[in-house]
Amino acid sequence: MNQPRVLSPEILLHIARTLSVSIHSLAATISLLDEGGTVPFIARYRKEATGALDEVKIRDIEEKLAYFRDLGARRETILASIAEQGKLTDELRGRIEATMEKGELEDLYLPYRPKRRTKATIAKERGLEPLAEYLWAQERAAYTLAEFAATFVDEAKEVKSVGEALEGARHIVAERIAETAEVRKALRQLMHDEGVVVSRRIVDAADPQEKFKMYYEYREPVKAIPSHRMLAIRRGEAETVLYFVIEVDAARAIGIAQRYVMRREGDWTTQLELAVDDSWSRLLSSSIQTELRMELKKRSDLDAIQVFRDNLNNLLLAPPAGPISVLGIDPGLRTGCKVAVVDETGKFLAHDVIYPHTGQTAKANQTMVKLVQQYRVRAIAIGNGTASRETDAFVRDFLSEHHLTDIFKVMVSESGASIYSASDVARQEFPDLDLTVRGAISIARRLQDPLSELVKVDPKSIGVGQYQHDVDQRQLQQSLEATIESCVNKVGVDLNTSSWTLLRYVAGITERTALKIVQFRDENGRFTSRAQLKEVAGVGAKTFEQAAGFLRIRGGSQPLDATAVHPESYALVEQIAGALGTPVEQIIERPQLLDGIDRSKFSAGVFTFNDILEELRKPGRDPRETFVAPVFHEGVREFADVQPEMVLEGVVTNVTKFGAFVDIGVHQDGLVHISELSNRYIKDPNEAVKAGQIVKVKVLSADLVTKRIALSMKALMTAVAGGNVQGRPKEKAQPRPAGGRVTTRIAAPQSVEEKLAVLSTRWKVR
């Protein structure tokens, strides 16, 4: 196995300054990463070494580390190539070794890169390089330029006149200018600072829905254009509706290039001016524009990917309803509603099909009563697809008619459920069930625990991205995987109940290892301790070290296995218990005992000791917020029901750079433009809302033709999907006087036991 490339002190100092971290923290983090440490593990359990760097900083270091190691490998290749050509001077080596940017490195290599046959190479073949050197040197000689150029006229070499000789020499000079690193850097900066993105409609291009109408004649500065507009223009170009260029003042560009070329006046001046003009118009303008187009795409991709990551993070960490039995409904009209029941652990119990929208309401009622009573259903989750509002009305009437006041209903996003239903994971879980039944099961489980269910779906199918198909797919996938990993490890995973699809995201555990863990569990029964994990094939010391702290075992032989305390710190907890004169179990049951602990008596690091105390005070606490069920307006079910000035409640489904999309229950999300998100100025919609949040919105307009709904949140305080109302503290579940509607608020519990107790309480219909 190759040893990781060691970075120079200069590069380490550069990274430390760029990321605003200490050299000590940086070096320690790099060492831990090189030893196979995962980001969640390092961030949670190696704070003493890193100085308590968070996951974001550690991932930034990981990214910079990869960048500069790639740069180092490329640097070595370039140095070897130039040396092989016999052109590697000490000065050039020094410049190549000093650069910290890949783009600058490639600029330095450009003159030595093997290239196709150009006008300059043809001129060199004709022996005109000395004449070009004369122009470039700008030094007076005993002869004139015309006299010197005349000596290169040679019919055999296809140089028929002084004019042709000078033209060939200019081609050589023009290429040299275009390959000068300083010139390229200056012009790249000019195009970035003063360039303008200009998009236009291609003549006779088809755009029947006028999706790109805004960009038919559009201009915006390069340095100001936001990612969503750049990606929209690029999509328009990809669909052959638009084309775009980056315009910059040619005179300004030529003037800048001349400053690097022209050193003194002489008979060469006119020729050099012509060479600079030629270099800009023929070589530099297009190549710099191509580079900047790619830079704009990278910048836009990063922004779009970050938007996707933020939305996905919020969805994965959405509050779970918890371990309650749920009846899931995948709504349908003519084909009926597929119904599935799962128990408190998510285990599939039963399924059926009801037809409440085709004249069979009575039979549907009977089926629902049977399922609800037989399996002690405590919640009904309704997918938000086709016929969801009609199904919601049926369920509301069903609960009211049968006085089932201890059951609440919730509309659940079914984005990606159909993808999951047809996936290998779903077939593996339920090989004998129809796709639609698998979908209903997924809907039910999404209410219980969004994280556990959503990890089974390709995140790109969840529908919270911004131009997700236009960005770098490899980079997107890596970023989303990192987001899922972060969320899973933040919450923790029950080793005895979690699927392999969830276990594979635990720090240090691969998909193969996750499958082996589940197989071991199936063959040997539930795990009774974390230590037992070492008996699983493929789980070595390193895997155990990385994963153990994020795995939970409830009711096992070691009480600390149900907490986030890492096994490597169990001895420290025993010391704490010994100092307090009480068993570890008592500390977990009575965390107030820790208030009198004398920290000076323990040798553990401050960060580690504080984390352990915090965990013991709230053992096994779920970090996710309070569960709140949204309430849609009863009179608004179809697009035609939406009228201006209505104030509605909805759920944020997607947050983009230009605003937020909100589901108000009519199968068409409305848009709250960034200018309508808050009474104060905000630069980023994430300052005001997040995906999964419950908000109040006012309808500004609803266009039936374009199917667009414009919404506003100005002057409307929004209820967060964690049970918070802006400006007010969290509150326990309270029924809402809204015509018999139920709003379910489940306050975040302090422990698993309390969570079960809270979930056993129900809220009555008024």
# chains A, B, ... in the order shown; residues from 1 in each chain; ligands from 1
>>> select_by_dssp(residues="range 487-589 of chain A", states="strand (DSSP E or B)", output="list in words")
Val493, Asp494, Leu551 and Arg552 of chain A
>>> write_last_selection(atoms="N, CA and C atoms", output="tab-separated table (two decimals), in the first residue's frame")
chain	number	residue	atom	x	y	z
A	493	VAL	N	-27.39	4.73	15.63
A	493	VAL	CA	-28.09	3.62	14.99
A	493	VAL	C	-28.26	2.46	15.97
A	494	ASP	N	-29.49	1.96	16.06
A	494	ASP	CA	-29.77	0.80	16.92
A	494	ASP	C	-29.23	-0.46	16.23
A	551	LEU	N	-23.17	3.25	17.50
A	551	LEU	CA	-24.13	2.14	17.56
A	551	LEU	C	-24.75	2.07	18.95
A	552	ARG	N	-26.03	1.76	19.01
A	552	ARG	CA	-26.75	1.72	20.28
A	552	ARG	C	-27.31	0.31	20.51
>>> residues_around(residues="range 584-594 of chain A", least_positions_apart="6", cutoff="8 Å", atoms="only C-alpha atoms", output="PyMOL selection string")
chain A and resi 559+573-574+577+613+616-619
>>> write_last_selection(atoms="C-alpha atoms", output="mmCIF file, in the first residue's frame")
data_model
loop_
_atom_site.group_PDB
_atom_site.id
_atom_site.type_symbol
_atom_site.label_atom_id
_atom_site.label_comp_id
_atom_site.auth_asym_id
_atom_site.auth_seq_id
_atom_site.Cartn_x
_atom_site.Cartn_y
_atom_site.Cartn_z
ATOM 1 C CA PRO A 559 -25.753 0.269 30.111
ATOM 2 C CA VAL A 573 -16.962 6.440 33.373
ATOM 3 C CA GLU A 574 -16.224 3.681 35.876
ATOM 4 C CA ALA A 577 -18.853 6.269 39.187
ATOM 5 C CA LEU A 613 -20.746 14.294 31.211
ATOM 6 C CA LEU A 616 -24.546 10.876 30.799
ATOM 7 C CA ARG A 617 -26.920 13.720 31.660
ATOM 8 C CA LYS A 618 -29.043 12.953 28.586
ATOM 9 C CA PRO A 619 -28.254 9.326 27.701
#
>>> atom_distance(atom1="CA of Arg200 in chain A", atom2="CA of Ile709 in chain A")
27.2 Å
>>> residues_around(residues="range 17-34 of chain A", least_positions_apart="2", cutoff="7 Å", atoms="only C-alpha atoms", output="PyMOL selection string")
chain A and resi 4+13-15+36-38+49-51
>>> write_last_selection(atoms="N, CA and C atoms", output="compact mmCIF listing (two decimals), in the first residue's frame")
# COMPACT_ATOMS: atom_id res chain seq x y z
N PRO A 4 0.70 7.83 2.02
CA PRO A 4 0.14 9.11 1.58
C PRO A 4 1.25 10.12 1.33
N LEU A 13 1.02 25.41 5.84
CA LEU A 13 0.78 26.77 6.34
C LEU A 13 -0.30 27.46 5.51
N HIS A 14 -0.27 27.22 4.20
CA HIS A 14 -1.27 27.81 3.30
C HIS A 14 -2.67 27.29 3.65
N ILE A 15 -2.79 25.97 3.85
CA ILE A 15 -4.09 25.38 4.20
C ILE A 15 -4.57 25.92 5.54
N GLY A 36 -6.91 6.29 8.53
CA GLY A 36 -8.19 5.64 8.25
C GLY A 36 -9.34 6.14 9.08
N GLY A 37 -9.13 7.25 9.77
CA GLY A 37 -10.21 7.82 10.57
C GLY A 37 -11.30 8.41 9.71
N THR A 38 -12.55 8.23 10.11
CA THR A 38 -13.67 8.82 9.38
C THR A 38 -13.97 10.20 9.96
N ALA A 49 -7.22 15.93 20.08
CA ALA A 49 -6.16 16.01 19.06
C ALA A 49 -6.39 17.17 18.10
N THR A 50 -7.64 17.35 17.69
CA THR A 50 -7.93 18.35 16.64
C THR A 50 -8.25 19.73 17.19
N GLY A 51 -8.38 19.84 18.51
CA GLY A 51 -8.80 21.13 19.05
C GLY A 51 -10.28 21.35 18.87
>>> select_by_dssp(residues="range 412-501 of chain A", states="helix (DSSP H, G or I)", output="ChimeraX atom specification")
/A:417-421,424-429,435-448,450-454,459-461,473-491,500-501
>>> residues_around(residues="Ala181 in chain A", least_positions_apart="3", cutoff="10 Å", atoms="only C-alpha atoms", output="short mmCIF file (atom, residue, chain, number, x, y, z; two decimals) with C-alpha atoms, in the first residue's frame")
data_model
loop_
_atom_site.label_atom_id
_atom_site.label_comp_id
_atom_site.auth_asym_id
_atom_site.auth_seq_id
_atom_site.Cartn_x
_atom_site.Cartn_y
_atom_site.Cartn_z
CA GLY A 103 -4.68 26.48 -12.97
CA GLU A 104 -1.42 28.37 -12.52
CA LEU A 105 0.53 25.11 -12.71
CA GLU A 106 -1.08 24.31 -16.07
CA ASP A 107 -0.35 27.84 -17.29
CA LEU A 108 3.35 27.34 -16.51
CA TYR A 109 3.33 24.01 -18.34
CA LEU A 110 1.43 25.32 -21.37
CA PRO A 111 4.50 26.36 -23.44
CA ARG A 176 4.12 32.90 -26.87
CA ILE A 177 1.93 35.70 -25.50
CA ALA A 178 -1.01 33.30 -25.18
CA ARG A 184 -3.30 34.56 -18.85
CA LYS A 185 -3.70 35.23 -15.14
CA ALA A 186 -4.26 38.95 -15.69
#
>>> residues_around(residues="Gln546 in chain A", least_positions_apart="6", cutoff="12 Å", atoms="only C-alpha atoms", output="list in words")
Leu32, Leu33, Glu35, Gly36, Gly37, Thr38, Val39, Pro40, Phe41, Ile42, Ala43, Arg44, Tyr45, Arg46, Asn489, Tyr505, Val506, Ala507, Gly508, Ile509, Thr510, Val539, Gly540, His566, Pro567 and Glu568 of chain A
>>> closest_residue(among="A:Ser675, A:Ser325, A:Thr513, A:Ser415", to="Gln373 in chain A", atoms="only C-alpha atoms")
A:Ser325
>>> decode(residues="range 447-553 of chain A", atoms="C-alpha atoms", output="PDB file, in the first residue's frame")
ATOM      1  CA  LEU A 447     -43.574   8.920   9.514  1.00  0.00           C
ATOM      2  CA  GLN A 448     -41.948   6.732  12.169  1.00  0.00           C
ATOM      3  CA  ASP A 449     -38.368   7.633  11.255  1.00  0.00           C
ATOM      4  CA  PRO A 450     -37.587   9.641   8.096  1.00  0.00           C
ATOM      5  CA  LEU A 451     -33.848   8.993   8.405  1.00  0.00           C
ATOM      6  CA  SER A 452     -34.071   5.203   8.506  1.00  0.00           C
ATOM      7  CA  GLU A 453     -36.355   5.101   5.481  1.00  0.00           C
ATOM      8  CA  LEU A 454     -34.874   7.826   3.301  1.00  0.00           C
ATOM      9  CA  VAL A 455     -31.394   6.282   3.369  1.00  0.00           C
ATOM     10  CA  LYS A 456     -32.828   3.483   1.217  1.00  0.00           C
ATOM     11  CA  VAL A 457     -33.594   5.935  -1.591  1.00  0.00           C
ATOM     12  CA  ASP A 458     -31.129   7.518  -3.987  1.00  0.00           C
ATOM     13  CA  PRO A 459     -31.066  11.081  -2.585  1.00  0.00           C
ATOM     14  CA  LYS A 460     -31.304  12.453  -6.128  1.00  0.00           C
ATOM     15  CA  SER A 461     -34.809  10.947  -6.287  1.00  0.00           C
ATOM     16  CA  ILE A 462     -36.084  12.808  -3.223  1.00  0.00           C
ATOM     17  CA  GLY A 463     -36.636  16.029  -5.162  1.00  0.00           C
ATOM     18  CA  VAL A 464     -34.862  18.606  -3.031  1.00  0.00           C
ATOM     19  CA  GLY A 465     -32.104  19.556  -5.463  1.00  0.00           C
ATOM     20  CA  GLN A 466     -31.513  22.601  -7.637  1.00  0.00           C
ATOM     21  CA  TYR A 467     -30.618  21.691 -11.253  1.00  0.00           C
ATOM     22  CA  GLN A 468     -29.280  18.458  -9.802  1.00  0.00           C
ATOM     23  CA  HIS A 469     -28.970  16.725 -13.176  1.00  0.00           C
ATOM     24  CA  ASP A 470     -26.819  19.547 -14.555  1.00  0.00           C
ATOM     25  CA  VAL A 471     -24.074  19.503 -11.935  1.00  0.00           C
ATOM     26  CA  ASP A 472     -21.010  17.280 -11.641  1.00  0.00           C
ATOM     27  CA  GLN A 473     -22.635  13.946 -10.797  1.00  0.00           C
ATOM     28  CA  ARG A 474     -19.593  12.405  -9.141  1.00  0.00           C
ATOM     29  CA  GLN A 475     -19.110  15.414  -6.899  1.00  0.00           C
ATOM     30  CA  LEU A 476     -22.836  15.498  -6.127  1.00  0.00           C
ATOM     31  CA  GLN A 477     -22.891  11.830  -5.166  1.00  0.00           C
ATOM     32  CA  GLN A 478     -19.869  12.199  -2.886  1.00  0.00           C
ATOM     33  CA  SER A 479     -21.367  15.239  -1.168  1.00  0.00           C
ATOM     34  CA  LEU A 480     -24.728  13.585  -0.623  1.00  0.00           C
ATOM     35  CA  GLU A 481     -23.100  10.428   0.718  1.00  0.00           C
ATOM     36  CA  ALA A 482     -21.140  12.587   3.175  1.00  0.00           C
ATOM     37  CA  THR A 483     -24.367  14.320   4.241  1.00  0.00           C
ATOM     38  CA  ILE A 484     -26.140  11.027   4.859  1.00  0.00           C
ATOM     39  CA  GLU A 485     -23.135   9.723   6.799  1.00  0.00           C
ATOM     40  CA  SER A 486     -23.107  12.853   8.945  1.00  0.00           C
ATOM     41  CA  CYS A 487     -26.841  12.637   9.718  1.00  0.00           C
ATOM     42  CA  VAL A 488     -26.817   8.912  10.507  1.00  0.00           C
ATOM     43  CA  ASN A 489     -23.908   9.219  12.907  1.00  0.00           C
ATOM     44  CA  LYS A 490     -25.332  12.324  14.536  1.00  0.00           C
ATOM     45  CA  VAL A 491     -28.517  10.440  15.435  1.00  0.00           C
ATOM     46  CA  GLY A 492     -26.963   7.045  16.153  1.00  0.00           C
ATOM     47  CA  VAL A 493     -28.092   3.615  14.992  1.00  0.00           C
ATOM     48  CA  ASP A 494     -29.766   0.797  16.919  1.00  0.00           C
ATOM     49  CA  LEU A 495     -27.601  -2.244  16.260  1.00  0.00           C
ATOM     50  CA  ASN A 496     -30.470  -4.682  16.814  1.00  0.00           C
ATOM     51  CA  THR A 497     -33.225  -3.129  14.707  1.00  0.00           C
ATOM     52  CA  SER A 498     -31.547  -1.160  11.916  1.00  0.00           C
ATOM     53  CA  SER A 499     -31.450  -2.364   8.337  1.00  0.00           C
ATOM     54  CA  TRP A 500     -28.170  -2.851   6.494  1.00  0.00           C
ATOM     55  CA  THR A 501     -29.084   0.186   4.380  1.00  0.00           C
ATOM     56  CA  LEU A 502     -28.804   2.326   7.519  1.00  0.00           C
ATOM     57  CA  LEU A 503     -25.860   0.485   9.074  1.00  0.00           C
ATOM     58  CA  ARG A 504     -23.719   1.016   5.966  1.00  0.00           C
ATOM     59  CA  TYR A 505     -23.582   4.747   6.745  1.00  0.00           C
ATOM     60  CA  VAL A 506     -22.214   4.253  10.249  1.00  0.00           C
ATOM     61  CA  ALA A 507     -18.603   5.483  10.481  1.00  0.00           C
ATOM     62  CA  GLY A 508     -16.177   2.740   9.444  1.00  0.00           C
ATOM     63  CA  ILE A 509     -18.850   0.301   8.222  1.00  0.00           C
ATOM     64  CA  THR A 510     -19.005  -0.591   4.540  1.00  0.00           C
ATOM     65  CA  GLU A 511     -21.998  -2.025   2.712  1.00  0.00           C
ATOM     66  CA  ARG A 512     -20.415  -5.476   2.804  1.00  0.00           C
ATOM     67  CA  THR A 513     -19.802  -5.239   6.561  1.00  0.00           C
ATOM     68  CA  ALA A 514     -23.359  -3.978   7.126  1.00  0.00           C
ATOM     69  CA  LEU A 515     -24.758  -7.042   5.349  1.00  0.00           C
ATOM     70  CA  LYS A 516     -22.555  -9.309   7.470  1.00  0.00           C
ATOM     71  CA  ILE A 517     -23.773  -7.629  10.662  1.00  0.00           C
ATOM     72  CA  VAL A 518     -27.405  -8.250   9.707  1.00  0.00           C
ATOM     73  CA  GLN A 519     -26.577 -11.834   8.737  1.00  0.00           C
ATOM     74  CA  PHE A 520     -24.854 -12.380  12.114  1.00  0.00           C
ATOM     75  CA  ARG A 521     -27.879 -10.902  13.882  1.00  0.00           C
ATOM     76  CA  ASP A 522     -30.266 -13.168  11.968  1.00  0.00           C
ATOM     77  CA  GLU A 523     -28.207 -16.253  12.783  1.00  0.00           C
ATOM     78  CA  ASN A 524     -27.293 -15.504  16.405  1.00  0.00           C
ATOM     79  CA  GLY A 525     -30.092 -13.294  17.684  1.00  0.00           C
ATOM     80  CA  ARG A 526     -29.860  -9.762  19.006  1.00  0.00           C
ATOM     81  CA  PHE A 527     -26.580  -8.223  20.098  1.00  0.00           C
ATOM     82  CA  THR A 528     -26.250  -7.940  23.857  1.00  0.00           C
ATOM     83  CA  SER A 529     -23.150  -5.718  23.848  1.00  0.00           C
ATOM     84  CA  ARG A 530     -21.081  -3.581  21.522  1.00  0.00           C
ATOM     85  CA  ALA A 531     -18.100  -5.842  22.190  1.00  0.00           C
ATOM     86  CA  GLN A 532     -20.007  -8.667  20.490  1.00  0.00           C
ATOM     87  CA  LEU A 533     -19.683  -6.754  17.237  1.00  0.00           C
ATOM     88  CA  LYS A 534     -16.049  -7.924  17.062  1.00  0.00           C
ATOM     89  CA  GLU A 535     -17.336 -11.458  16.435  1.00  0.00           C
ATOM     90  CA  VAL A 536     -18.736 -10.401  13.058  1.00  0.00           C
ATOM     91  CA  ALA A 537     -16.509 -11.412  10.141  1.00  0.00           C
ATOM     92  CA  GLY A 538     -14.761  -8.369   8.708  1.00  0.00           C
ATOM     93  CA  VAL A 539     -15.093  -6.212  11.822  1.00  0.00           C
ATOM     94  CA  GLY A 540     -11.522  -5.616  12.920  1.00  0.00           C
ATOM     95  CA  ALA A 541     -10.100  -3.315  15.557  1.00  0.00           C
ATOM     96  CA  LYS A 542     -10.174  -0.260  13.269  1.00  0.00           C
ATOM     97  CA  THR A 543     -13.771  -0.801  12.171  1.00  0.00           C
ATOM     98  CA  PHE A 544     -14.857  -1.317  15.756  1.00  0.00           C
ATOM     99  CA  GLU A 545     -13.037   1.816  16.896  1.00  0.00           C
ATOM    100  CA  GLN A 546     -14.684   3.947  14.216  1.00  0.00           C
ATOM    101  CA  ALA A 547     -18.204   2.516  14.513  1.00  0.00           C
ATOM    102  CA  ALA A 548     -18.800   1.545  18.139  1.00  0.00           C
ATOM    103  CA  GLY A 549     -19.658   4.977  19.532  1.00  0.00           C
ATOM    104  CA  PHE A 550     -22.404   5.492  16.958  1.00  0.00           C
ATOM    105  CA  LEU A 551     -24.127   2.143  17.560  1.00  0.00           C
ATOM    106  CA  ARG A 552     -26.751   1.720  20.282  1.00  0.00           C
ATOM    107  CA  ILE A 553     -27.847  -1.394  22.165  1.00  0.00           C
TER     108      ILE A 553
END
